[in-house]
Amino acid sequence: MNSQEPPLLELRDVECTFQLGGQFSRRKRTIHAVRGVNLTVRRGEVLGLVGESGSGKSTLARIVLGLQPPTKGEVYVAGRRLDGFAPRELARIVQPIFQDPYSSLNPKWRVRDILALPLNLHKVGARSEREGRVEETLRRCGLDSQFLNAFPAQLSGGQRQRVAIARALILNPDLVICDEPTSALDVSVQAQILNLLHELRETMGLTFVFISHNLAVVDHMSTRVCVMYLGKLVEQAEAATIFAKPKHPYTSILMNSVLTPEPGLGLPAVNTVAQQSDNSAAGCSFYPRCPQRFEPCATVEPRTSFDRGHGVDCHLYRSSTDRGAAVRQVTSSASR
Amino acid sequence: MVSVGGAESQVYAVRGITLDVKRGETLCIVGESGCGKSLTALALMRLLPPGTGLKATAINFQGVNLLEASPARLRNIRGRDIGMIFQDPMTSLNPLYTVGEQLIETYLRHRSGKRSEARERAEYLLGKVGINNPAERMLQYPHQLSGGLRQRILIAMALMCGPKLIIADEPTTALDVTIQVQVLVLLRELQRELDLALIFITHDLGIVARFADRVAVMYAGKVVESGAVQDVFRNPQHPYTRGLLKCLPIHQNAGPSQRLVSIPGSVPAPRDLDEGCSFRNRCPVAVDRCSMPVPLFHGAADHQARCIHASFEGAAL
């Protein structure tokens, strides 16, 4: 890979907050959906993004798609600042595939029109060429031309998701944001769609950001994995590394909770402390649930420490000098 | 304890199901969307929505045939002897009442006890399902609680009257993996303690493998294979079961370069079904004979499969 080339996607200290409570509400609350995320995606990568609901995965996806301006921080797509793109310009580089193919396709439009819309909007080629391109893209996604005149309601979930994928790819984008692309599908169909995505990535040279709560799917698809917890990126590493040797206690808990289809193993022992609390407190956001917490965790927010590309936000993995400083910061009486 | 014989609905969404579950046992019904697993659960409770018909030989619960029970008798059994947990905790709780009120109502409806007793039991059970300060939680409305908490409240509600059987329809599907494990561990503990029979409906083979004693695999309205979990997973006989097990992306797999095995095509619509094997249009080993009605083949223990290729070692037919 050319190291001179800017990364396809770069996020620097991206934050996103939402105000809850309307104009007339007495109680206003701020939700920190995404907090200080730094992230780089290189061309050809599949970046898996995992985390529980409410961890900010989808907000991050919306930010990259230009659907949600970040409150703070900068996003660069192919070396250019995201806010410098016109929406249509961005759409030619970044495209989404959403979770629910039942609500992401217009029920009153035929497949042909759903797929032709991006081409018409972007004035790609002549009219006759567009027709051919629609047919070819659909075929690439595993549906033959008999489906061109179908309405979404006449298609099964898997077929609809194929149409959604065709729509995302028809403009030849570089980066595809897949937000839970198989979560609404049955397992037998899920395998078909995952194979298709993999095939398309190879033939079209695509880069994926692959969001899922299903760790087995992320493990299967990704080259690199990022773990999010309450809006923060708590760990990132090569897929093989993170699944073999998770560092952050949250990542370990998450991986332990996966129920692999092996009979006889019984339920995993998942070790969490206390209940989830709000994320406004100082210190590590995982502190209230962490089984390995120690002194600095409650009050000092961990910074990312990198070790050969494996980044983790946890006091357990700070270099010894850092760790000493953190402890000193908390306990002036040095009870450690 | 429960056996359903030949449940049939008008569109034949569920056809000829025979199931049984014993005290203290967990039976998982697994299948893809539209295979009729939820309808089967509703049929068991005689709660099928209007417009559906039910034909069955018997639905026996503790010696009572629910098919012949009067509506009043059924109302007494539901909620008291048979608890239900549905998939979506938001729509199964009343948004206008506090959760405490709803828990207490369940108890008072079925047991002629005092309100204070009901409150005590509700608090006890909320504690059991891992909810901190239950007294406070009982004063809250469903919308003030997270999905995980609501699901636990539904579990507590199903337990309020000390049931013998719980039917849970995808109770953990809407939950995060970490919470899912907590809920499953909890159900397992309560089951041991109360000697509960559990019918657990899911599409997740991971849950089946790690949680069930026995499993029934459903496809297009029929049970295509059933038996002890170990037998079905280690020695699957129906090509559909084999396909399902193979197409899962398994942890520590060889990564994306390795293609997943998938089952081609999709489930036929109920109206397209005939008397032959409903899987034959997707089946890799289908032969002409598959368009004829397929009998049930029995193997060791109670391992059964509805496939003419089933080859139980030493125990064919």
# chains A, B, ... in the order shown; residues from 1 in each chain; ligands from 1
$ closest_atom_pairs --of "chain B" --to "chain A" --cutoff "8 Å" --atoms "only C-alpha atoms" --output "JSON lines"
{"residue": "B:Glu32", "atom": "CA", "partner": "A:Asp186", "partner_atom": "CA", "distance": 5.7}
{"residue": "B:Ser33", "atom": "CA", "partner": "A:Asp186", "partner_atom": "CA", "distance": 6.8}
{"residue": "B:Asp176", "atom": "CA", "partner": "A:Glu52", "partner_atom": "CA", "distance": 5.7}
{"residue": "B:Val177", "atom": "CA", "partner": "A:Ser257", "partner_atom": "CA", "distance": 5.8}
{"residue": "B:Thr178", "atom": "CA", "partner": "A:Ser257", "partner_atom": "CA", "distance": 5.4}
{"residue": "B:Val181", "atom": "CA", "partner": "A:Ser257", "partner_atom": "CA", "distance": 6.2}
{"residue": "B:Gln182", "atom": "CA", "partner": "A:Val270", "partner_atom": "CA", "distance": 7.6}
{"residue": "B:Leu184", "atom": "CA", "partner": "A:Leu267", "partner_atom": "CA", "distance": 7.8}
{"residue": "B:Val185", "atom": "CA", "partner": "A:Leu267", "partner_atom": "CA", "distance": 6.9}
{"residue": "B:His203", "atom": "CA", "partner": "A:Asp186", "partner_atom": "CA", "distance": 7.9}
{"residue": "B:Leu205", "atom": "CA", "partner": "A:Pro261", "partner_atom": "CA", "distance": 5.7}
{"residue": "B:Gly206", "atom": "CA", "partner": "A:Pro261", "partner_atom": "CA", "distance": 4.1}
{"residue": "B:Ile207", "atom": "CA", "partner": "A:Leu259", "partner_atom": "CA", "distance": 6.2}
{"residue": "B:Val208", "atom": "CA", "partner": "A:Pro261", "partner_atom": "CA", "distance": 7.4}
{"residue": "B:Ala209", "atom": "CA", "partner": "A:Pro263", "partner_atom": "CA", "distance": 4.3}
{"residue": "B:Arg210", "atom": "CA", "partner": "A:Gly266", "partner_atom": "CA", "distance": 4.5}
{"residue": "B:Phe211", "atom": "CA", "partner": "A:Gly266", "partner_atom": "CA", "distance": 6.3}
{"residue": "B:Val229", "atom": "CA", "partner": "A:Pro263", "partner_atom": "CA", "distance": 6.6}
{"residue": "B:Gln230", "atom": "CA", "partner": "A:Pro263", "partner_atom": "CA", "distance": 5.8}
{"residue": "B:Phe233", "atom": "CA", "partner": "A:Pro263", "partner_atom": "CA", "distance": 7.0}
{"residue": "B:Gly243", "atom": "CA", "partner": "A:Ser188", "partner_atom": "CA", "distance": 7.6}
{"residue": "B:Leu244", "atom": "CA", "partner": "A:Ser188", "partner_atom": "CA", "distance": 6.2}
{"residue": "B:Leu245", "atom": "CA", "partner": "A:Pro261", "partner_atom": "CA", "distance": 8.0}
{"residue": "B:Cys247", "atom": "CA", "partner": "A:Ala191", "partner_atom": "CA", "distance": 5.8}
{"residue": "B:Leu248", "atom": "CA", "partner": "A:Val187", "partner_atom": "CA", "distance": 6.8}
{"residue": "B:Pro249", "atom": "CA", "partner": "A:Ala216", "partner_atom": "CA", "distance": 5.7}
{"residue": "B:Ile250", "atom": "CA", "partner": "A:Ala216", "partner_atom": "CA", "distance": 5.7}
{"residue": "B:His251", "atom": "CA", "partner": "A:Ala216", "partner_atom": "CA", "distance": 5.1}
{"residue": "B:Gln252", "atom": "CA", "partner": "A:Asp219", "partner_atom": "CA", "distance": 7.2}
{"residue": "B:Asn253", "atom": "CA", "partner": "A:His220", "partner_atom": "CA", "distance": 6.5}
{"residue": "B:Ala254", "atom": "CA", "partner": "A:His220", "partner_atom": "CA", "distance": 7.4}
{"residue": "B:Gly255", "atom": "CA", "partner": "A:His220", "partner_atom": "CA", "distance": 4.7}
{"residue": "B:Pro256", "atom": "CA", "partner": "A:Met221", "partner_atom": "CA", "distance": 4.8}
{"residue": "B:Ser257", "atom": "CA", "partner": "A:His198", "partner_atom": "CA", "distance": 7.8}
{"residue": "B:Arg259", "atom": "CA", "partner": "A:Asn195", "partner_atom": "CA", "distance": 6.0}
{"residue": "B:Leu260", "atom": "CA", "partner": "A:Ala191", "partner_atom": "CA", "distance": 5.8}
{"residue": "B:Val261", "atom": "CA", "partner": "A:Ala191", "partner_atom": "CA", "distance": 6.8}
{"residue": "B:Ser262", "atom": "CA", "partner": "A:Ala191", "partner_atom": "CA", "distance": 5.2}
{"residue": "B:Ile263", "atom": "CA", "partner": "A:Ser188", "partner_atom": "CA", "distance": 5.5}
{"residue": "B:Pro264", "atom": "CA", "partner": "A:Gln192", "partner_atom": "CA", "distance": 7.6}
{"residue": "B:Ser266", "atom": "CA", "partner": "A:Val189", "partner_atom": "CA", "distance": 7.5}
$ closest_atom_pairs --of "range 5-42 of chain A" --to "range 231-237 of chain A" --cutoff "9 Å" --atoms "only C-alpha atoms" --output "tab-separated table"
residue	atom	partner	partner_atom	distance
A:Glu15	CA	A:Gly231	CA	8.5
A:Cys16	CA	A:Gly231	CA	8.7
A:His32	CA	A:Gly231	CA	6.7
A:Ala33	CA	A:Gly231	CA	5.1
A:Val34	CA	A:Gly231	CA	4.0
A:Arg35	CA	A:Gly231	CA	5.1
A:Gly36	CA	A:Lys232	CA	6.7
A:Val37	CA	A:Leu233	CA	6.0
A:Asn38	CA	A:Leu233	CA	7.8
A:Leu39	CA	A:Leu233	CA	8.6
$ write_last_selection --atoms "all heavy atoms" --output "compact mmCIF listing (two decimals), in the first residue's frame"
# COMPACT_ATOMS: atom_id res chain seq x y z
N GLU A 15 -16.30 14.51 18.40
CA GLU A 15 -17.30 14.41 19.47
C GLU A 15 -18.66 14.73 18.89
O GLU A 15 -18.77 15.50 17.94
CB GLU A 15 -17.00 15.42 20.58
CG GLU A 15 -15.66 15.17 21.19
CD GLU A 15 -15.59 15.61 22.63
OE1 GLU A 15 -16.54 16.26 23.11
OE2 GLU A 15 -14.58 15.28 23.27
N CYS A 16 -19.68 14.15 19.48
CA CYS A 16 -21.03 14.48 19.05
C CYS A 16 -21.95 14.43 20.24
O CYS A 16 -22.02 13.42 20.95
CB CYS A 16 -21.48 13.48 17.97
SG CYS A 16 -23.02 13.97 17.23
N HIS A 32 -23.80 12.46 25.42
CA HIS A 32 -22.53 12.41 24.69
C HIS A 32 -22.51 11.12 23.88
O HIS A 32 -22.14 10.07 24.40
CB HIS A 32 -21.35 12.45 25.65
CG HIS A 32 -21.30 13.71 26.45
ND1 HIS A 32 -20.60 14.81 26.03
CD2 HIS A 32 -21.88 14.05 27.62
CE1 HIS A 32 -20.74 15.78 26.92
NE2 HIS A 32 -21.52 15.35 27.90
N ALA A 33 -22.93 11.22 22.63
CA ALA A 33 -23.05 10.01 21.82
C ALA A 33 -21.69 9.50 21.35
O ALA A 33 -21.43 8.31 21.33
CB ALA A 33 -23.96 10.27 20.62
N VAL A 34 -20.84 10.45 20.98
CA VAL A 34 -19.49 10.09 20.54
C VAL A 34 -18.53 11.01 21.27
O VAL A 34 -18.73 12.22 21.30
CB VAL A 34 -19.33 10.26 19.01
CG1 VAL A 34 -17.89 10.03 18.60
CG2 VAL A 34 -20.24 9.31 18.26
N ARG A 35 -17.50 10.41 21.90
CA ARG A 35 -16.61 11.24 22.70
C ARG A 35 -15.14 11.01 22.32
O ARG A 35 -14.57 9.96 22.59
CB ARG A 35 -16.80 10.91 24.18
CG ARG A 35 -18.25 11.12 24.62
CD ARG A 35 -18.40 10.94 26.10
NE ARG A 35 -18.10 9.59 26.52
CZ ARG A 35 -17.72 9.25 27.74
NH1 ARG A 35 -17.56 10.18 28.65
NH2 ARG A 35 -17.51 8.00 28.04
N GLY A 36 -14.57 12.03 21.68
CA GLY A 36 -13.14 12.02 21.39
C GLY A 36 -12.65 10.81 20.63
O GLY A 36 -11.74 10.12 21.09
N VAL A 37 -13.23 10.55 19.47
CA VAL A 37 -12.83 9.38 18.70
C VAL A 37 -11.76 9.75 17.67
O VAL A 37 -11.91 10.69 16.90
CB VAL A 37 -14.04 8.73 18.00
CG1 VAL A 37 -13.59 7.72 16.96
CG2 VAL A 37 -14.93 8.06 19.03
N ASN A 38 -10.65 9.02 17.72
CA ASN A 38 -9.60 9.13 16.71
C ASN A 38 -9.55 7.82 15.96
O ASN A 38 -9.48 6.76 16.57
CB ASN A 38 -8.24 9.36 17.37
CG ASN A 38 -8.13 10.77 17.90
OD1 ASN A 38 -8.13 11.72 17.15
ND2 ASN A 38 -8.07 10.89 19.21
N LEU A 39 -9.59 7.93 14.63
CA LEU A 39 -9.74 6.70 13.86
C LEU A 39 -9.19 6.92 12.45
O LEU A 39 -9.37 7.99 11.88
CB LEU A 39 -11.24 6.38 13.79
CG LEU A 39 -11.70 5.07 13.22
CD1 LEU A 39 -11.21 3.95 14.11
CD2 LEU A 39 -13.21 5.03 13.17
$ residues_around --residues "Lys108 in chain A" --least-positions-apart "2" --cutoff "10 Å" --atoms "only C-alpha atoms" --output "MDAnalysis selection string"
chainID A and resid 105:106 110:111 113:114 151:153
$ write_last_selection --atoms "all heavy atoms" --output "PDB file, in the first residue's frame"
ATOM      1  N   LEU A 105     -35.919   0.900   1.591  1.00  0.00           N
ATOM      2  CA  LEU A 105     -36.284   0.993   0.174  1.00  0.00           C
ATOM      3  C   LEU A 105     -37.686   1.581   0.054  1.00  0.00           C
ATOM      4  O   LEU A 105     -38.584   1.203   0.798  1.00  0.00           O
ATOM      5  CB  LEU A 105     -36.267  -0.394  -0.480  1.00  0.00           C
ATOM      6  CG  LEU A 105     -34.955  -1.179  -0.414  1.00  0.00           C
ATOM      7  CD1 LEU A 105     -35.147  -2.560  -0.991  1.00  0.00           C
ATOM      8  CD2 LEU A 105     -33.851  -0.452  -1.158  1.00  0.00           C
ATOM      9  N   ASN A 106     -37.873   2.482  -0.890  1.00  0.00           N
ATOM     10  CA  ASN A 106     -39.178   3.091  -1.096  1.00  0.00           C
ATOM     11  C   ASN A 106     -40.174   2.036  -1.596  1.00  0.00           C
ATOM     12  O   ASN A 106     -39.989   1.459  -2.663  1.00  0.00           O
ATOM     13  CB  ASN A 106     -39.046   4.214  -2.124  1.00  0.00           C
ATOM     14  CG  ASN A 106     -40.325   5.025  -2.244  1.00  0.00           C
ATOM     15  OD1 ASN A 106     -41.421   4.512  -1.998  1.00  0.00           O
ATOM     16  ND2 ASN A 106     -40.185   6.280  -2.611  1.00  0.00           N
ATOM     17  N   ARG A 110     -40.316   0.755  -8.151  1.00  0.00           N
ATOM     18  CA  ARG A 110     -39.789  -0.513  -8.648  1.00  0.00           C
ATOM     19  C   ARG A 110     -38.279  -0.527  -8.461  1.00  0.00           C
ATOM     20  O   ARG A 110     -37.634   0.519  -8.413  1.00  0.00           O
ATOM     21  CB  ARG A 110     -40.120  -0.676 -10.134  1.00  0.00           C
ATOM     22  CG  ARG A 110     -41.595  -0.821 -10.397  1.00  0.00           C
ATOM     23  CD  ARG A 110     -41.870  -0.978 -11.887  1.00  0.00           C
ATOM     24  NE  ARG A 110     -43.293  -0.834 -12.144  1.00  0.00           N
ATOM     25  CZ  ARG A 110     -44.163  -1.830 -12.036  1.00  0.00           C
ATOM     26  NH1 ARG A 110     -43.751  -3.040 -11.691  1.00  0.00           N
ATOM     27  NH2 ARG A 110     -45.443  -1.635 -12.254  1.00  0.00           N
ATOM     28  N   VAL A 111     -37.730  -1.747  -8.382  1.00  0.00           N
ATOM     29  CA  VAL A 111     -36.289  -1.907  -8.190  1.00  0.00           C
ATOM     30  C   VAL A 111     -35.509  -1.092  -9.224  1.00  0.00           C
ATOM     31  O   VAL A 111     -34.539  -0.402  -8.910  1.00  0.00           O
ATOM     32  CB  VAL A 111     -35.911  -3.401  -8.278  1.00  0.00           C
ATOM     33  CG1 VAL A 111     -34.409  -3.577  -8.373  1.00  0.00           C
ATOM     34  CG2 VAL A 111     -36.474  -4.153  -7.084  1.00  0.00           C
ATOM     35  N   ASP A 113     -36.258   1.697 -10.670  1.00  0.00           N
ATOM     36  CA  ASP A 113     -36.232   3.133 -10.376  1.00  0.00           C
ATOM     37  C   ASP A 113     -35.396   3.437  -9.139  1.00  0.00           C
ATOM     38  O   ASP A 113     -34.732   4.461  -9.063  1.00  0.00           O
ATOM     39  CB  ASP A 113     -37.662   3.641 -10.188  1.00  0.00           C
ATOM     40  CG  ASP A 113     -38.501   3.367 -11.427  1.00  0.00           C
ATOM     41  OD1 ASP A 113     -37.967   3.563 -12.525  1.00  0.00           O
ATOM     42  OD2 ASP A 113     -39.665   2.947 -11.284  1.00  0.00           O
ATOM     43  N   ILE A 114     -35.468   2.511  -8.156  1.00  0.00           N
ATOM     44  CA  ILE A 114     -34.659   2.687  -6.950  1.00  0.00           C
ATOM     45  C   ILE A 114     -33.187   2.760  -7.336  1.00  0.00           C
ATOM     46  O   ILE A 114     -32.440   3.608  -6.859  1.00  0.00           O
ATOM     47  CB  ILE A 114     -34.893   1.519  -5.967  1.00  0.00           C
ATOM     48  CG1 ILE A 114     -36.310   1.600  -5.392  1.00  0.00           C
ATOM     49  CG2 ILE A 114     -33.862   1.531  -4.846  1.00  0.00           C
ATOM     50  CD1 ILE A 114     -36.707   0.399  -4.558  1.00  0.00           C
ATOM     51  N   PHE A 151     -41.536  -4.716  -7.051  1.00  0.00           N
ATOM     52  CA  PHE A 151     -41.600  -3.762  -5.947  1.00  0.00           C
ATOM     53  C   PHE A 151     -40.935  -4.411  -4.732  1.00  0.00           C
ATOM     54  O   PHE A 151     -40.956  -5.646  -4.610  1.00  0.00           O
ATOM     55  CB  PHE A 151     -43.050  -3.416  -5.619  1.00  0.00           C
ATOM     56  CG  PHE A 151     -43.710  -2.550  -6.645  1.00  0.00           C
ATOM     57  CD1 PHE A 151     -44.567  -3.093  -7.592  1.00  0.00           C
ATOM     58  CD2 PHE A 151     -43.460  -1.183  -6.668  1.00  0.00           C
ATOM     59  CE1 PHE A 151     -45.168  -2.288  -8.548  1.00  0.00           C
ATOM     60  CE2 PHE A 151     -44.061  -0.374  -7.620  1.00  0.00           C
ATOM     61  CZ  PHE A 151     -44.917  -0.924  -8.562  1.00  0.00           C
ATOM     62  N   PRO A 152     -40.402  -3.604  -3.815  1.00  0.00           N
ATOM     63  CA  PRO A 152     -39.736  -4.192  -2.643  1.00  0.00           C
ATOM     64  C   PRO A 152     -40.618  -5.212  -1.900  1.00  0.00           C
ATOM     65  O   PRO A 152     -40.113  -6.219  -1.426  1.00  0.00           O
ATOM     66  CB  PRO A 152     -39.440  -2.978  -1.759  1.00  0.00           C
ATOM     67  CG  PRO A 152     -39.276  -1.863  -2.714  1.00  0.00           C
ATOM     68  CD  PRO A 152     -40.231  -2.152  -3.846  1.00  0.00           C
ATOM     69  N   ALA A 153     -41.919  -4.965  -1.848  1.00  0.00           N
ATOM     70  CA  ALA A 153     -42.795  -5.869  -1.105  1.00  0.00           C
ATOM     71  C   ALA A 153     -42.815  -7.276  -1.697  1.00  0.00           C
ATOM     72  O   ALA A 153     -43.172  -8.234  -1.028  1.00  0.00           O
ATOM     73  CB  ALA A 153     -44.210  -5.303  -1.069  1.00  0.00           C
TER      74      ALA A 153
END
$ select_by_dssp --residues "range 2-168 of chain B" --states "alpha helix (DSSP H)" --output "MDAnalysis selection string"
chainID B and resid 37:44 71:77 99:110 115:128 134:137 147:159
$ residues_around --residues "range 6-9 of chain A" --least-positions-apart "3" --cutoff "12 Å" --atoms "only C-alpha atoms" --output "short mmCIF file (atom, residue, chain, number, x, y, z; two decimals) with C-alpha atoms, in the first residue's frame"
data_model
loop_
_atom_site.label_atom_id
_atom_site.label_comp_id
_atom_site.auth_asym_id
_atom_site.auth_seq_id
_atom_site.Cartn_x
_atom_site.Cartn_y
_atom_site.Cartn_z
CA MET A 1 0.00 0.00 0.00
CA ASN A 2 1.24 3.46 -0.86
CA SER A 3 2.17 5.19 2.37
CA ARG A 12 -9.63 13.44 14.74
CA ASN A 38 -9.60 9.13 16.71
CA LEU A 39 -9.74 6.70 13.86
CA THR A 40 -8.00 6.02 10.57
CA VAL A 41 -9.25 3.77 7.80
CA ARG A 42 -6.89 2.92 4.96
CA ARG A 43 -7.92 1.94 1.47
CA GLY A 44 -8.79 -1.75 1.23
CA GLU A 45 -9.38 -2.23 4.93
CA VAL A 46 -12.50 -3.63 6.55
CA LEU A 47 -12.85 -1.83 9.83
CA ALA A 61 -21.61 6.07 10.85
CA ILE A 63 -21.11 11.47 10.91
CA VAL A 64 -18.98 9.81 8.22
CA LEU A 65 -21.94 9.80 5.83
CA GLU A 74 -12.48 16.95 12.24
CA VAL A 75 -13.33 14.29 9.70
CA TYR A 76 -11.24 13.82 6.56
CA VAL A 77 -12.35 11.78 3.59
CA ALA A 78 -9.60 11.00 1.07
CA GLY A 79 -7.51 13.78 2.62
CA ARG A 80 -10.21 16.46 2.35
CA ARG A 81 -12.21 17.91 5.22
CA LEU A 82 -15.71 16.47 5.30
CA ILE A 93 -17.20 8.44 -2.37
CA VAL A 94 -19.14 7.25 0.69
CA PRO A 173 -18.04 4.51 -4.19
CA ASP A 174 -14.72 3.98 -2.42
CA LEU A 175 -16.02 3.62 1.09
CA VAL A 176 -19.14 1.72 2.12
CA ILE A 177 -20.55 2.11 5.61
CA LEU A 206 -14.00 -1.36 -1.80
CA THR A 207 -13.21 -0.25 1.71
CA PHE A 208 -15.74 -1.11 4.40
CA VAL A 209 -16.62 0.24 7.77
#
$ atom_distance --atom1 "CA of Arg162 in chain A" --atom2 "CA of Pro171 in chain B"
29.2 Å
$ select_by_dssp --residues "range 141-316 of chain A" --states "strand (DSSP E)" --output "list in words"
Leu175, Val176, Ile177, Cys178, Asp179, Thr207, Phe208, Val209, Phe210, Ile211, Arg224, Val225, Cys226, Val227, Met228, Tyr229, Lys232, Leu233, Val234, Glu235, Gln236, Ala237, Glu238, Ser305, Phe306, Asp307, His310, Gly311 and Val312 of chain A
$ atom_distance --atom1 "CA of Ile165 in chain A" --atom2 "CA of Val225 in chain A"
22.2 Å
$ closest_residue --among "B:Leu187, B:Thr98, B:Leu44, B:Pro268" --to "Arg282 in chain B" --atoms "only C-alpha atoms"
B:Pro268
$ closest_residue --among "B:Pro89, B:Gly221, B:Gly53, B:Gly147" --to "Lys37 in chain B" --atoms "only C-alpha atoms"
B:Gly221
$ atom_distance --atom1 "CA of Pro288 in chain A" --atom2 "CA of Glu123 in chain B"
24.1 Å
$ closest_residue --among "A:Cys284, A:Leu171, A:Cys290, A:Thr30" --to "Gln95 in chain A" --atoms "only C-alpha atoms"
A:Leu171
$ residues_around --residues "Leu74 in chain B" --least-positions-apart "4" --cutoff "12 Å" --atoms "only C-alpha atoms" --output "list in words"
Leu44, Met45, Arg46, Leu47, Phe61, Val64, Asn65, Leu66, Leu67, Glu68, Ala69, Ser70, Arg78, Gly79, Arg80, Asp81, Ile82 and His110 of chain B
$ residues_around --residues "Gln62 in chain B" --least-positions-apart "3" --cutoff "12 Å" --atoms "only C-alpha atoms" --output "list in words"
Met1, Val2, Ser3, Asp20, Val21, Lys22, Arg23, Ile59, Asn65, Leu66, Ile77, Asp81, Ile82, Pro163, Lys164, Leu165 and Ala197 of chain B
$ residues_around --residues "Leu93 in chain B" --least-positions-apart "3" --cutoff "10 Å" --atoms "only C-alpha atoms" --output "mmCIF file with N, CA, C and O atoms, in the first residue's frame"
data_model
loop_
_atom_site.group_PDB
_atom_site.id
_atom_site.type_symbol
_atom_site.label_atom_id
_atom_site.label_comp_id
_atom_site.auth_asym_id
_atom_site.auth_seq_id
_atom_site.Cartn_x
_atom_site.Cartn_y
_atom_site.Cartn_z
ATOM 1 N N ASP B 88 -40.758 -8.446 22.777
ATOM 2 C CA ASP B 88 -40.581 -7.006 22.877
ATOM 3 C C ASP B 88 -41.108 -6.491 24.215
ATOM 4 O O ASP B 88 -42.304 -6.381 24.416
ATOM 5 N N PRO B 89 -40.189 -6.156 25.125
ATOM 6 C CA PRO B 89 -40.630 -5.780 26.463
ATOM 7 C C PRO B 89 -41.365 -4.447 26.488
ATOM 8 O O PRO B 89 -42.080 -4.150 27.435
ATOM 9 N N MET B 90 -41.198 -3.630 25.441
ATOM 10 C CA MET B 90 -41.870 -2.332 25.474
ATOM 11 C C MET B 90 -43.356 -2.494 25.193
ATOM 12 O O MET B 90 -44.186 -1.868 25.827
ATOM 13 N N LEU B 96 -49.088 3.036 30.820
ATOM 14 C CA LEU B 96 -49.803 3.958 31.711
ATOM 15 C C LEU B 96 -49.748 3.559 33.184
ATOM 16 O O LEU B 96 -50.196 4.300 34.040
ATOM 17 N N TYR B 97 -49.242 2.354 33.461
ATOM 18 C CA TYR B 97 -49.155 1.920 34.845
ATOM 19 C C TYR B 97 -47.705 1.716 35.241
ATOM 20 O O TYR B 97 -46.884 1.347 34.411
ATOM 21 N N THR B 98 -47.423 1.928 36.514
ATOM 22 C CA THR B 98 -46.068 1.659 36.991
ATOM 23 C C THR B 98 -45.828 0.155 36.911
ATOM 24 O O THR B 98 -46.768 -0.641 36.919
ATOM 25 N N VAL B 99 -44.560 -0.225 36.851
ATOM 26 C CA VAL B 99 -44.279 -1.647 36.726
ATOM 27 C C VAL B 99 -44.724 -2.390 37.984
ATOM 28 O O VAL B 99 -45.191 -3.528 37.913
ATOM 29 N N GLN B 102 -48.327 -3.290 37.775
ATOM 30 C CA GLN B 102 -48.584 -4.393 36.846
ATOM 31 C C GLN B 102 -48.186 -5.740 37.436
ATOM 32 O O GLN B 102 -48.842 -6.746 37.204
ATOM 33 N N TYR B 141 -42.333 3.959 35.598
ATOM 34 C CA TYR B 141 -43.105 3.564 34.429
ATOM 35 C C TYR B 141 -42.180 2.873 33.427
ATOM 36 O O TYR B 141 -40.984 3.140 33.424
ATOM 37 N N PRO B 142 -42.741 2.022 32.565
ATOM 38 C CA PRO B 142 -41.888 1.281 31.628
ATOM 39 C C PRO B 142 -40.923 2.161 30.834
ATOM 40 O O PRO B 142 -39.778 1.786 30.623
ATOM 41 N N HIS B 143 -41.367 3.358 30.426
ATOM 42 C CA HIS B 143 -40.489 4.161 29.572
ATOM 43 C C HIS B 143 -39.261 4.686 30.312
ATOM 44 O O HIS B 143 -38.304 5.141 29.707
ATOM 45 N N ARG B 150 -36.482 -3.766 31.482
ATOM 46 C CA ARG B 150 -37.861 -4.116 31.152
ATOM 47 C C ARG B 150 -37.992 -5.616 30.935
ATOM 48 O O ARG B 150 -38.954 -6.241 31.369
ATOM 49 N N GLN B 151 -36.992 -6.191 30.270
ATOM 50 C CA GLN B 151 -37.047 -7.621 30.005
ATOM 51 C C GLN B 151 -37.004 -8.405 31.313
ATOM 52 O O GLN B 151 -37.702 -9.387 31.494
ATOM 53 N N ILE B 153 -38.094 -7.324 34.127
ATOM 54 C CA ILE B 153 -39.383 -7.141 34.782
ATOM 55 C C ILE B 153 -40.400 -8.120 34.218
ATOM 56 O O ILE B 153 -41.189 -8.710 34.958
ATOM 57 N N LEU B 154 -40.346 -8.339 32.916
ATOM 58 C CA LEU B 154 -41.258 -9.317 32.316
ATOM 59 C C LEU B 154 -40.985 -10.728 32.840
ATOM 60 O O LEU B 154 -41.908 -11.518 33.034
#
$ closest_residue --among "A:Arg27, A:Lys72, A:Arg293, A:Arg112" --to "Asp13 in chain A" --atoms "only C-alpha atoms"
A:Lys72
